[in-house]
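Trainee: My structure is stored as protein.tsv, with TSV, C-alpha atoms.
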```tsv
chain	number	residue	atom	x	y	z
A	23	MET	CA	32.74	9.82	-131.25
A	24	LYS	CA	32.39	7.01	-133.80
A	25	THR	CA	29.53	5.58	-131.74
A	26	SER	CA	27.72	8.93	-131.75
A	27	ILE	CA	28.08	9.26	-135.53
A	28	LEU	CA	26.86	5.69	-136.04
A	29	ASN	CA	23.82	6.29	-133.79
A	30	PHE	CA	23.05	9.50	-135.70
A	31	ILE	CA	23.17	7.67	-139.06
A	32	ILE	CA	20.90	4.92	-137.72
A	33	ALA	CA	18.43	7.49	-136.37
A	34	ILE	CA	18.29	9.33	-139.71
A	35	SER	CA	17.76	6.03	-141.53
A	36	VAL	CA	14.88	5.06	-139.24
A	37	VAL	CA	13.20	8.46	-139.69
A	38	THR	CA	13.58	8.19	-143.48
A	39	ILE	CA	12.00	4.73	-143.50
A	40	LEU	CA	9.11	5.87	-141.28
A	41	VAL	CA	8.44	8.95	-143.42
A	42	SER	CA	8.49	6.93	-146.63
A	43	CYS	CA	6.14	4.35	-145.14
A	44	GLY	CA	3.81	7.01	-143.77
A	45	SER	CA	3.62	8.85	-147.10
A	46	LYS	CA	2.82	5.67	-149.04
A	47	GLN	CA	-0.84	5.44	-149.89
A	48	LYS	CA	-2.62	2.55	-148.24
A	49	GLY	CA	-4.73	0.12	-150.23
A	50	SER	CA	-5.12	-0.23	-153.99
A	51	HIS	CA	-5.26	2.71	-156.36
A	52	ALA	CA	-6.15	3.14	-160.00
A	53	LYS	CA	-3.86	5.22	-162.18
A	54	ILE	CA	-4.25	7.86	-164.85
A	55	VAL	CA	-3.15	6.76	-168.32
A	56	ASP	CA	-3.10	8.57	-171.65
A	57	ILE	CA	-5.23	7.12	-174.43
A	58	ASN	CA	-5.06	9.15	-177.64
A	59	GLY	CA	-4.66	12.38	-175.70
A	60	ASN	CA	-7.37	11.54	-173.15
A	61	GLU	CA	-6.72	11.18	-169.42
A	62	VAL	CA	-8.29	7.85	-168.52
A	63	VAL	CA	-8.73	6.18	-165.13
A	64	ASP	CA	-7.23	2.68	-165.37
A	65	CYS	CA	-8.25	0.26	-162.61
A	66	ASN	CA	-6.25	-2.96	-162.53
A	67	ILE	CA	-8.77	-5.32	-160.96
A	68	SER	CA	-6.04	-7.88	-160.21
A	69	GLU	CA	-4.42	-5.43	-157.78
A	70	VAL	CA	-7.55	-4.62	-155.77
A	71	THR	CA	-7.29	-6.21	-152.32
A	72	ASP	CA	-9.48	-4.50	-149.72
A	73	THR	CA	-13.24	-4.67	-149.22
A	74	ILE	CA	-15.10	-1.68	-147.78
A	75	ASP	CA	-18.62	-0.85	-146.67
A	76	LEU	CA	-19.87	2.11	-148.69
A	77	LEU	CA	-22.47	3.97	-146.64
A	78	LEU	CA	-25.50	5.09	-148.60
A	79	SER	CA	-25.19	8.54	-147.01
A	80	GLU	CA	-21.83	8.93	-148.77
A	81	ILE	CA	-23.44	8.79	-152.22
A	82	ILE	CA	-26.89	10.35	-151.74
A	83	LYS	CA	-27.97	13.53	-149.95
A	84	GLU	CA	-31.20	12.26	-148.39
A	85	CYS	CA	-33.04	8.94	-148.42
A	86	GLU	CA	-36.69	8.98	-149.45
A	87	VAL	CA	-38.62	5.84	-148.46
A	88	ILE	CA	-41.55	4.98	-150.74
A	89	PRO	CA	-43.67	1.89	-150.07
A	90	LEU	CA	-45.53	1.31	-153.34
A	91	GLU	CA	-49.28	0.91	-153.06
A	92	THR	CA	-50.52	-2.66	-153.02
A	93	ASN	CA	-53.58	-3.55	-155.03
A	94	GLU	CA	-54.51	-5.86	-157.87
A	95	LYS	CA	-53.46	-3.38	-160.58
A	96	SER	CA	-50.25	-2.06	-158.99
A	97	LEU	CA	-48.42	-5.37	-158.56
A	98	PHE	CA	-45.59	-6.45	-160.86
A	99	GLU	CA	-42.62	-8.80	-161.04
A	100	SER	CA	-39.04	-7.77	-160.25
A	101	ILE	CA	-38.01	-4.31	-161.44
A	102	HIS	CA	-36.04	-3.92	-164.64
A	103	HIS	CA	-36.04	-0.12	-165.20
A	104	VAL	CA	-37.14	2.83	-163.07
A	105	GLY	CA	-37.77	6.42	-164.15
A	106	VAL	CA	-38.02	9.09	-161.44
A	107	SER	CA	-39.21	12.69	-161.88
A	108	LYS	CA	-40.41	15.40	-159.51
A	109	ASN	CA	-43.89	13.95	-159.07
A	110	TYR	CA	-43.81	10.50	-160.67
A	111	ILE	CA	-42.19	7.08	-160.60
A	112	ALA	CA	-42.43	4.86	-163.69
A	113	ILE	CA	-41.59	1.17	-163.36
A	114	HIS	CA	-40.85	-1.34	-166.10
A	115	SER	CA	-40.68	-4.84	-164.67
A	116	ARG	CA	-39.72	-8.23	-165.98
A	117	GLY	CA	-42.54	-10.22	-167.49
A	118	ARG	CA	-45.42	-9.11	-169.69
A	119	TYR	CA	-46.53	-6.00	-167.84
A	120	PRO	CA	-47.26	-2.45	-168.99
A	121	ILE	CA	-45.43	0.45	-167.36
A	122	LYS	CA	-46.67	1.07	-163.82
A	123	LEU	CA	-47.00	4.79	-162.96
A	124	PHE	CA	-46.95	5.88	-159.31
A	125	ASP	CA	-46.75	9.27	-157.64
A	126	ARG	CA	-43.78	10.12	-155.41
A	127	LYS	CA	-45.70	8.94	-152.34
A	128	GLY	CA	-46.11	5.49	-153.88
A	129	LYS	CA	-49.79	5.78	-154.81
A	130	PHE	CA	-50.60	3.84	-157.98
A	131	ILE	CA	-51.95	6.05	-160.76
A	132	ARG	CA	-52.33	3.92	-163.88
A	133	ASP	CA	-50.82	1.53	-166.38
A	134	ILE	CA	-49.08	3.03	-169.41
A	135	GLY	CA	-48.69	1.17	-172.68
A	136	LYS	CA	-50.09	-2.05	-173.96
A	137	ILE	CA	-48.54	-5.48	-174.41
A	138	GLY	CA	-48.80	-6.82	-177.95
A	139	ARG	CA	-47.44	-6.59	-181.48
A	140	GLY	CA	-49.72	-3.89	-182.86
A	141	PRO	CA	-48.92	-0.19	-183.45
A	142	GLY	CA	-47.64	1.42	-180.26
A	143	GLU	CA	-47.60	-1.93	-178.44
A	144	PHE	CA	-44.58	-3.77	-177.02
A	145	ASN	CA	-43.54	-7.16	-175.69
A	146	SER	CA	-40.19	-6.25	-174.15
A	147	LEU	CA	-38.28	-3.03	-173.56
A	148	TYR	CA	-34.61	-2.10	-173.28
A	149	GLY	CA	-35.12	1.28	-171.64
A	150	ILE	CA	-37.60	3.92	-170.51
A	151	GLN	CA	-37.32	7.70	-170.16
A	152	LEU	CA	-39.79	9.60	-167.99
A	153	ASP	CA	-40.21	13.23	-169.16
A	154	GLU	CA	-42.63	14.91	-166.77
A	155	GLU	CA	-42.06	18.37	-168.26
A	156	ALA	CA	-43.30	17.15	-171.64
A	157	ASN	CA	-45.93	14.89	-170.01
A	158	LYS	CA	-44.47	11.94	-171.93
A	159	ILE	CA	-42.70	8.65	-171.48
A	160	TYR	CA	-40.37	7.26	-174.16
A	161	LEU	CA	-39.98	3.51	-174.53
A	162	THR	CA	-37.02	1.83	-176.26
A	163	PRO	CA	-37.84	-1.63	-177.70
A	164	PHE	CA	-35.55	-4.46	-176.63
A	165	ALA	CA	-33.96	-5.27	-180.01
A	166	ASN	CA	-34.12	-4.38	-183.71
A	167	ALA	CA	-35.79	-1.08	-182.86
A	168	LYS	CA	-36.86	1.14	-185.75
A	169	GLU	CA	-38.58	3.72	-183.56
A	170	LEU	CA	-39.10	4.91	-179.99
A	171	LEU	CA	-42.60	4.40	-178.65
A	172	VAL	CA	-44.20	7.48	-177.08
A	173	TYR	CA	-47.04	7.72	-174.59
A	174	SER	CA	-48.49	10.59	-172.63
A	175	LEU	CA	-48.57	10.18	-168.85
A	176	ASP	CA	-52.35	9.90	-169.30
A	177	ASN	CA	-51.71	6.68	-171.29
A	178	GLU	CA	-52.45	8.19	-174.69
A	179	SER	CA	-50.49	6.52	-177.48
A	180	LEU	CA	-48.64	9.27	-179.37
A	181	PRO	CA	-46.81	9.19	-182.73
A	182	PRO	CA	-43.53	7.27	-182.39
A	183	ILE	CA	-40.11	8.82	-183.03
A	184	PRO	CA	-38.51	7.14	-186.07
A	185	LEU	CA	-34.87	6.16	-185.62
A	186	ALA	CA	-32.42	7.05	-188.38
A	187	TYR	CA	-30.87	3.56	-188.15
A	188	LYS	CA	-32.43	0.22	-187.33
A	189	GLN	CA	-30.83	-0.70	-184.02
A	190	THR	CA	-29.55	-3.96	-182.58
A	191	LYS	CA	-29.76	-2.80	-178.96
A	192	CYS	CA	-29.50	0.86	-178.05
A	193	GLN	CA	-29.87	3.52	-175.39
A	194	ALA	CA	-31.79	6.64	-176.42
A	195	PHE	CA	-32.34	9.96	-174.67
A	196	VAL	CA	-34.78	12.62	-175.88
A	197	LYS	CA	-34.12	16.25	-175.00
A	198	ASN	CA	-35.90	19.23	-176.54
A	199	ASN	CA	-36.08	18.48	-180.27
A	200	SER	CA	-33.22	16.00	-180.55
A	201	VAL	CA	-32.51	12.38	-179.69
A	202	THR	CA	-29.10	11.07	-178.60
A	203	VAL	CA	-28.74	7.43	-179.61
A	204	LEU	CA	-25.97	5.16	-178.33
A	205	SER	CA	-25.75	1.99	-180.37
A	206	MET	CA	-24.28	-1.50	-180.27
A	207	PRO	CA	-22.87	-1.87	-183.81
A	208	PHE	CA	-22.78	-5.40	-185.19
A	209	LYS	CA	-20.51	-6.46	-188.03
A	210	ASP	CA	-21.90	-5.28	-191.40
A	211	SER	CA	-24.69	-3.27	-189.72
A	212	ASN	CA	-23.05	0.03	-190.76
A	213	ILE	CA	-24.64	1.95	-187.89
A	214	PRO	CA	-22.86	4.66	-185.87
A	215	LEU	CA	-21.69	3.97	-182.36
A	216	ALA	CA	-23.22	7.27	-181.24
A	217	TYR	CA	-25.26	9.90	-183.01
A	218	GLN	CA	-27.81	12.67	-182.65
A	219	GLN	CA	-30.95	13.03	-184.74
A	220	ASP	CA	-34.05	15.20	-184.79
A	221	LEU	CA	-37.55	13.95	-184.00
A	222	THR	CA	-38.21	13.09	-187.63
A	223	GLY	CA	-35.21	10.74	-187.87
A	224	LYS	CA	-32.84	13.12	-189.65
A	225	VAL	CA	-29.21	12.67	-188.53
A	226	ILE	CA	-27.56	15.77	-187.06
A	227	LYS	CA	-24.13	14.30	-186.27
A	228	GLU	CA	-22.65	10.84	-185.83
A	229	VAL	CA	-19.56	8.93	-184.73
A	230	HIS	CA	-18.82	5.60	-186.40
A	231	PRO	CA	-17.10	2.77	-184.50
A	232	ARG	CA	-13.46	1.82	-184.75
A	233	PRO	CA	-12.72	-1.78	-185.75
A	234	HIS	CA	-12.35	-3.00	-182.14
A	235	GLN	CA	-15.76	-1.51	-181.27
A	236	ILE	CA	-17.65	-3.57	-183.86
A	237	LEU	CA	-19.27	-6.68	-182.39
A	238	PRO	CA	-20.16	-10.09	-183.78
A	239	PRO	CA	-23.95	-10.44	-184.20
A	240	ASP	CA	-24.62	-11.73	-180.69
A	241	PHE	CA	-27.53	-10.33	-178.70
A	242	SER	CA	-25.99	-11.53	-175.42
A	243	SER	CA	-23.89	-8.34	-175.44
A	244	GLU	CA	-25.30	-5.30	-173.64
A	245	ILE	CA	-25.10	-1.50	-173.81
A	246	SER	CA	-25.70	0.89	-170.92
A	247	SER	CA	-25.85	4.63	-170.30
A	248	THR	CA	-26.84	6.27	-167.00
A	249	ARG	CA	-26.15	10.03	-167.42
A	250	ASN	CA	-25.33	10.35	-163.71
A	251	ALA	CA	-22.38	12.73	-164.09
A	252	GLY	CA	-23.86	15.22	-166.57
A	253	ALA	CA	-22.55	13.33	-169.60
A	254	ASN	CA	-23.75	10.79	-172.14
A	255	ASP	CA	-21.75	7.83	-170.86
A	256	ILE	CA	-21.68	4.68	-172.93
A	257	PHE	CA	-20.46	1.21	-172.03
A	258	ILE	CA	-20.76	-1.93	-174.14
A	259	LEU	CA	-20.46	-5.31	-172.45
A	260	ALA	CA	-19.06	-7.49	-175.24
A	261	TYR	CA	-18.70	-11.13	-174.22
A	262	GLY	CA	-15.52	-12.72	-175.53
A	263	SER	CA	-13.84	-9.40	-176.35
A	264	LYS	CA	-10.07	-9.41	-175.88
A	265	THR	CA	-9.73	-5.62	-175.59
A	266	SER	CA	-9.99	-3.91	-172.21
A	267	ASP	CA	-13.53	-2.91	-171.26
A	268	THR	CA	-13.87	0.86	-171.55
A	269	LEU	CA	-16.49	3.42	-170.56
A	270	TYR	CA	-16.75	6.47	-172.85
A	271	TYR	CA	-18.39	9.88	-172.78
A	272	TYR	CA	-20.10	10.98	-175.97
A	273	ASN	CA	-19.23	14.67	-176.33
A	274	THR	CA	-22.12	15.84	-178.49
A	275	GLU	CA	-20.72	19.33	-179.06
A	276	ALA	CA	-17.40	18.05	-180.40
A	277	ASN	CA	-19.06	14.89	-181.77
A	278	LYS	CA	-16.36	12.70	-180.23
A	279	LEU	CA	-16.15	9.65	-178.01
A	280	ASN	CA	-13.74	10.21	-175.11
A	281	PRO	CA	-12.56	7.21	-173.04
A	282	LYS	CA	-12.90	7.87	-169.30
A	283	PHE	CA	-12.59	4.59	-167.37
A	284	VAL	CA	-10.97	1.27	-168.25
A	285	ALA	CA	-10.74	-2.05	-166.39
A	286	THR	CA	-7.58	-4.12	-166.82
A	287	PHE	CA	-6.15	-7.35	-165.42
A	288	ASN	CA	-2.82	-9.06	-164.90
A	289	GLY	CA	-3.05	-12.11	-167.12
A	290	GLU	CA	-6.47	-13.53	-167.96
A	291	LYS	CA	-9.16	-10.97	-168.76
A	292	HIS	CA	-12.54	-11.22	-167.06
A	293	GLY	CA	-15.82	-9.62	-168.04
A	294	THR	CA	-16.77	-6.34	-166.36
A	295	TRP	CA	-19.74	-3.99	-166.44
A	296	LEU	CA	-18.51	-0.41	-165.98
A	297	ASN	CA	-20.70	2.27	-164.40
A	298	ASP	CA	-20.46	6.01	-163.85
A	299	TRP	CA	-21.53	7.91	-160.72
A	300	LYS	CA	-20.88	11.55	-159.89
A	301	SER	CA	-17.99	10.88	-157.52
A	302	TYR	CA	-17.07	7.31	-158.39
A	303	TYR	CA	-16.62	4.79	-161.15
A	304	TRP	CA	-17.60	1.25	-160.29
A	305	THR	CA	-17.82	-2.11	-161.97
A	306	TRP	CA	-19.19	-5.59	-161.63
A	307	VAL	CA	-16.52	-8.22	-162.23
A	308	PHE	CA	-17.45	-11.65	-163.57
A	309	GLY	CA	-15.54	-14.90	-164.11
A	310	LYS	CA	-13.63	-16.02	-161.04
A	311	TYR	CA	-14.73	-12.83	-159.23
A	312	LYS	CA	-18.36	-14.06	-159.29
A	313	GLY	CA	-20.04	-10.68	-159.55
A	314	LYS	CA	-17.98	-8.79	-157.00
A	315	LYS	CA	-18.13	-5.01	-157.30
A	316	VAL	CA	-15.15	-2.63	-157.42
A	317	LEU	CA	-15.39	1.07	-156.52
A	318	VAL	CA	-12.95	3.74	-157.74
A	319	ASN	CA	-12.94	7.20	-156.16
A	320	LYS	CA	-12.63	9.73	-158.99
A	321	LYS	CA	-10.57	12.15	-156.87
A	322	THR	CA	-8.24	9.89	-154.90
A	323	LEU	CA	-8.34	6.89	-157.31
A	324	LYS	CA	-8.60	4.57	-154.29
A	325	SER	CA	-9.98	1.22	-155.47
A	326	ASP	CA	-11.79	-1.34	-153.33
A	327	PHE	CA	-14.25	-4.16	-153.51
A	328	PHE	CA	-17.38	-2.80	-151.87
A	329	ARG	CA	-20.79	-3.42	-150.35
A	330	ILE	CA	-23.46	-0.74	-149.97
A	331	LYS	CA	-24.91	-0.36	-146.48
A	332	ASN	CA	-28.12	1.60	-145.88
A	333	ASP	CA	-27.02	3.63	-142.87
A	334	PHE	CA	-30.30	5.57	-142.92
A	335	PHE	CA	-31.95	2.37	-141.64
A	336	GLY	CA	-29.52	0.48	-139.44
A	337	ASN	CA	-26.76	-0.39	-141.92
A	338	TYR	CA	-28.41	-3.38	-143.57
A	339	GLU	CA	-26.68	-4.42	-146.80
A	340	ILE	CA	-28.36	-3.41	-150.06
A	341	SER	CA	-27.90	-6.67	-151.87
A	342	LYS	CA	-31.11	-6.69	-153.90
A	343	PHE	CA	-31.95	-4.49	-156.88
A	344	TYR	CA	-30.40	-1.04	-157.12
A	345	MET	CA	-29.70	1.23	-160.05
A	346	SER	CA	-28.92	4.86	-160.81
A	347	ASN	CA	-29.75	7.14	-163.71
A	348	ASN	CA	-29.99	10.86	-164.32
A	349	GLY	CA	-28.32	11.49	-160.96
A	350	MET	CA	-30.84	9.49	-158.90
A	351	PHE	CA	-30.08	6.37	-156.87
A	352	ILE	CA	-32.91	3.84	-156.55
A	353	SER	CA	-32.92	0.74	-154.38
A	354	SER	CA	-35.87	-1.66	-154.43
A	355	ILE	CA	-36.67	-4.52	-152.08
A	356	ASN	CA	-39.89	-6.47	-151.62
A	357	ALA	CA	-41.72	-5.95	-148.35
A	358	ILE	CA	-41.15	-9.38	-146.83
A	359	GLN	CA	-37.38	-9.17	-147.37
A	360	LEU	CA	-37.25	-5.65	-145.95
A	361	ILE	CA	-39.19	-6.76	-142.87
A	362	GLU	CA	-36.61	-9.51	-142.31
A	363	GLU	CA	-33.69	-7.08	-142.71
A	364	LEU	CA	-35.16	-4.46	-140.38
A	365	ASN	CA	-36.02	-7.01	-137.70
A	366	LYS	CA	-32.39	-8.15	-137.75
A	367	VAL	CA	-31.31	-4.53	-137.35
A	368	LEU	CA	-33.56	-4.01	-134.33
A	369	LYS	CA	-31.80	-6.87	-132.54
A	370	LYS	CA	-28.52	-4.97	-132.59
A	371	GLU	CA	-27.43	-3.68	-129.20
A	372	LYS	CA	-25.88	-0.46	-130.49
A	373	LEU	CA	-28.78	1.40	-132.08
A	374	GLU	CA	-29.62	5.03	-131.33
A	375	SER	CA	-33.15	5.69	-130.07
A	376	MET	CA	-34.09	7.99	-132.97
A	377	GLU	CA	-32.89	5.43	-135.50
A	378	LYS	CA	-34.76	2.68	-133.68
A	379	GLN	CA	-37.95	4.75	-133.78
A	380	ARG	CA	-37.52	5.41	-137.50
A	381	ILE	CA	-37.06	1.70	-138.25
A	382	SER	CA	-39.97	0.69	-136.02
A	383	HIS	CA	-42.22	3.25	-137.71
A	384	LEU	CA	-41.36	1.88	-141.16
A	385	LEU	CA	-41.98	-1.69	-139.97
A	386	SER	CA	-45.40	-0.68	-138.68
A	387	GLN	CA	-46.36	0.36	-142.22
A	388	LEU	CA	-45.39	-2.93	-143.86
A	389	LYS	CA	-47.12	-6.26	-144.36
A	390	GLU	CA	-45.47	-9.37	-145.79
A	391	ASN	CA	-47.55	-9.41	-148.97
A	392	ASP	CA	-47.07	-5.71	-149.72
A	393	ASN	CA	-45.60	-4.37	-152.94
A	394	GLU	CA	-41.98	-3.28	-153.42
A	395	VAL	CA	-40.43	-0.58	-151.22
A	396	LEU	CA	-38.19	2.00	-152.88
A	397	PHE	CA	-35.32	3.97	-151.34
A	398	ILE	CA	-34.55	6.98	-153.53
A	399	GLY	CA	-32.00	9.77	-153.23
A	400	LYS	CA	-30.25	12.40	-155.32
A	401	MET	CA	-26.61	11.45	-155.81
A	402	LYS	CA	-23.77	13.59	-154.46
```
Could I get this structure in the form of structure tokens?
Mentor:
Amino acid sequence: MKTSILNFIIAISVVTILVSCGSKQKGSHAKIVDINGNEVVDCNISEVTDTIDLLLSEIIKECEVIPLETNEKSLFESIHHVGVSKNYIAIHSRGRYPIKLFDRKGKFIRDIGKIGRGPGEFNSLYGIQLDEEANKIYLTPFANAKELLVYSLDNESLPPIPLAYKQTKCQAFVKNNSVTVLSMPFKDSNIPLAYQQDLTGKVIKEVHPRPHQILPPDFSSEISSTRNAGANDIFILAYGSKTSDTLYYYNTEANKLNPKFVATFNGEKHGTWLNDWKSYYWTWVFGKYKGKKVLVNKKTLKSDFFRIKNDFFGNYEISKFYMSNNGMFISSINAIQLIEELNKVLKKEKLESMEKQRISHLLSQLKENDNEVLFIGKMK
């Protein structure tokens, strides 16, 4: 009898242990924390352990392949910004180049803008906004901007939009008759962190920074906003900052900044660059992490280091340029590098015939000295 009772207790204990182990979530997970009444996703980078392959098909609906036309006028250096609309692609590259305008098939249309220091001219840009509906493109100067430059898509220089405040670096987004400006406030600059103005430069509403959001006058810091999740997200990369890096949404209706995503560490803090996608947050991590990327699922909070694999074309790793804005994902790779990647893929034994045909067809269109090839898709 005693033996039976003892065996029963042992059996119950084993079941309890198995159930508790089975119910425990595998891998690393971010947590929800309260910051001034806001639910914020807190990812402790020090606790992230696993590395996953994120398939491109998990973040975009379809993959559009666009080899950009190659001719003397269409060539440029590596891409810095891309604007995508229904019928156009606008590219701002590194170096002293005007904006390159292509159609959605990759055919080069024309240059937009002029390099120089005269009215309507520019030497370097911090952002571009392609507005096909208004037949315009808005250009944000790199630093100390007093206005947004405006061109028609026919390359006509139009009157600039004056900014209510002289900016250090900023992100600006024009919609209807207003401009949302997200700023990088330096000490003693007295500029808002976020504000809205009309097209004449008159302020409609503004949010001024808290003390920890004011930066020393150092142009090595950066500000980003992608508007991928239907919000005006804002992240400031402040080198040397001791506070946790935080991504905010600027709620223009309530005129408030709401924290949404924060990166933390056990012990020494490392620099991060936080980004917002529809279904994920993700960040680059610098310092000892050497640019590794961490992905956080917004629903499950699962957190992993990650690589993006283009499973539309044989699962090659997208390690070159990629970006996302306004809900569009854009990957760019020069033709010679893509040819190398696709030839490696074709050597794989396990490759479905349809996929092999698709890759072979793309390869047949490419030459080593061709222009960049874009992979574009609407984000899920």
Trainee: Could you work out how far atom CA of Lys321 of chain A lies from atom CA of Glu84 of chain A, giving the answer in Å with one decimal?
Mentor: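 So the answer is 22.3 Å.
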Trainee: For each of A:Gly105, A:Pro238, A:Gly336, A:Gly252, take the minimum atom-to-atom distance to Ile352 of chain A, counting all atoms listed in the file, then give the residue where this is smallest.
Mentor: A:Gly105
Trainee: Could you state the separation of atom CA of Gly289 of chain A and atom CA of Ser68 of chain A in Å, given to one decimal place?
Mentor: 8.6 Å
Trainee: As a PyMOL selection string, please: the residues near Asn288 of chain A (cut-off 10 Å, all atoms listed in the file, same-chain neighbours under 4 positions excluded).
Mentor: chain A and resi 66-69
Trainee: Excluding Val196 of chain A and residues on its chain fewer than 4 positions from it, collect all residues at most 8 Å away from it, counting only C-alpha atoms, and give them as a list of chain:residue names.
Mentor: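 Returned residues: A:Gln151, A:Tyr160, A:Ser200, A:Val201, A:Thr202.
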Trainee: Within 9 Å of (-25.1, 2.8, -178.9) (coordinates as in the file), grab all the protein and nucleic acid residues, counting all atoms listed in the file, and write them out as a list of chain:residue names.
Mentor: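 Using all atoms listed in the file, the matching residues come out as A:Gln189, A:Thr190, A:Lys191, A:Cys192, A:Gln193, A:Ala194, A:Val203, A:Leu204, A:Ser205, A:Met206, A:Pro207, A:Pro214, A:Leu215, A:Ala216, A:Tyr217, A:Ile245, A:Ser246, A:Ser247, A:Ile256, A:Phe257, A:Ile258.
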Trainee: From the options A:Gly149, A:Pro182, A:Pro120, A:Pro89, which residue's atoms come nearest to Lys389 of chain A, counting all atoms listed in the file?
Mentor: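 Closest to Lys389 of chain A of all the choices is A:Pro89.
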Trainee: One number please: atom CA of Gly135 of chain A to atom CA of Glu394 of chain A, in Å, one decimal.
Mentor: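 A separation of 20.9 Å between them.
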Trainee: When you look at Leu360 of chain A with a cut-off of 9 Å (counting all atoms listed in the file), what residues show up, excluding the ones that are within fewer than 6 positions of it in the same chain? I need them as a VMD selection string.
Mentor: chain A and resid 385 388 395
Trainee: Could you check which of A:Tyr271, A:Trp306, A:Phe208, A:Tyr261 is closest to Arg232 of chain A, using all atoms listed in the file?
Mentor: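 Comparing A:Tyr271, A:Trp306, A:Phe208, A:Tyr261 against Arg232 of chain A, the winner is A:Phe208.
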Trainee: Find, counting all atoms listed in the file, the residue in A:Asp75, A:Glu390, A:Glu80, A:Asp326 that gets nearest to Gln359 of chain A.
Mentor: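 Of A:Asp75, A:Glu390, A:Glu80, A:Asp326, the one nearest Gln359 of chain A, counting all atoms listed in the file, is A:Glu390.
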Trainee: Go through A:Ala260, A:Leu364, A:Leu123, A:Leu279 and flag the residue nearest His230 of chain A, using all atoms listed in the file for the distances.
Mentor: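 Result for the nearest residue to His230 of chain A: A:Leu279.
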Trainee: Counting only C-alpha atoms, what is within 8 Å of Pro184 of chain A, bar same-chain residues fewer than 2 positions away, as a PDB file with C-alpha atoms, keeping the file's coordinate frame?
Mentor:
```pdb
ATOM      1  CA  LYS A 168     -36.860   1.140-185.750  1.00  0.00           C
ATOM      2  CA  GLU A 169     -38.580   3.720-183.560  1.00  0.00           C
ATOM      3  CA  LEU A 170     -39.100   4.910-179.990  1.00  0.00           C
ATOM      4  CA  PRO A 182     -43.530   7.270-182.390  1.00  0.00           C
ATOM      5  CA  ALA A 186     -32.420   7.050-188.380  1.00  0.00           C
ATOM      6  CA  LEU A 221     -37.550  13.950-184.000  1.00  0.00           C
ATOM      7  CA  THR A 222     -38.210  13.090-187.630  1.00  0.00           C
ATOM      8  CA  GLY A 223     -35.210  10.740-187.870  1.00  0.00           C
TER       9      GLY A 223
END
```
Trainee: I need the residue nearest Ser263 of chain A from this list: A:Gln219, A:Ala251, A:His234, A:Arg380. Use only C-alpha atoms for the distance.
Mentor: A:His234
Trainee: Considering all atoms listed in the file, return as a PyMOL selection string whatever protein or nucleic-acid residues lie within 12 Å of Leu269 of chain A, sequence-local ones (same chain, fewer than 6 positions apart) excluded.
Mentor: chain A and resi 62-65+235+245-248+253-259+279-285+294-299+303-305
Trainee: Pull the neighbourhood of (-39.8, 11.7, -170.2) for me: all residues within 10 Å in file coordinates, counting only C-alpha atoms, as a list in words.
Mentor: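 In the file's frame, the residues around the point are Gly105, Val106, Ser107, Ala112, Ile150, Gln151, Leu152, Asp153, Glu154, Glu155, Ala156, Asn157, Lys158, Ile159, Tyr160, Leu161, Val172, Tyr173, Ser174, Leu175, Phe195, Val196 and Lys197 of chain A.
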Trainee: Can you report as AutoDock Vina command-line options the centre and edge lengths in Å, to one decimal, of an axis-aligned box around the listed atoms of segment 231-244 of chain A padded with 8 Å on each side?
Mentor:
```
--center_x -19.9 --center_y -4.5 --center_z -179.7 --size_x 31.2 --size_y 30.5 --size_z 28.1
```
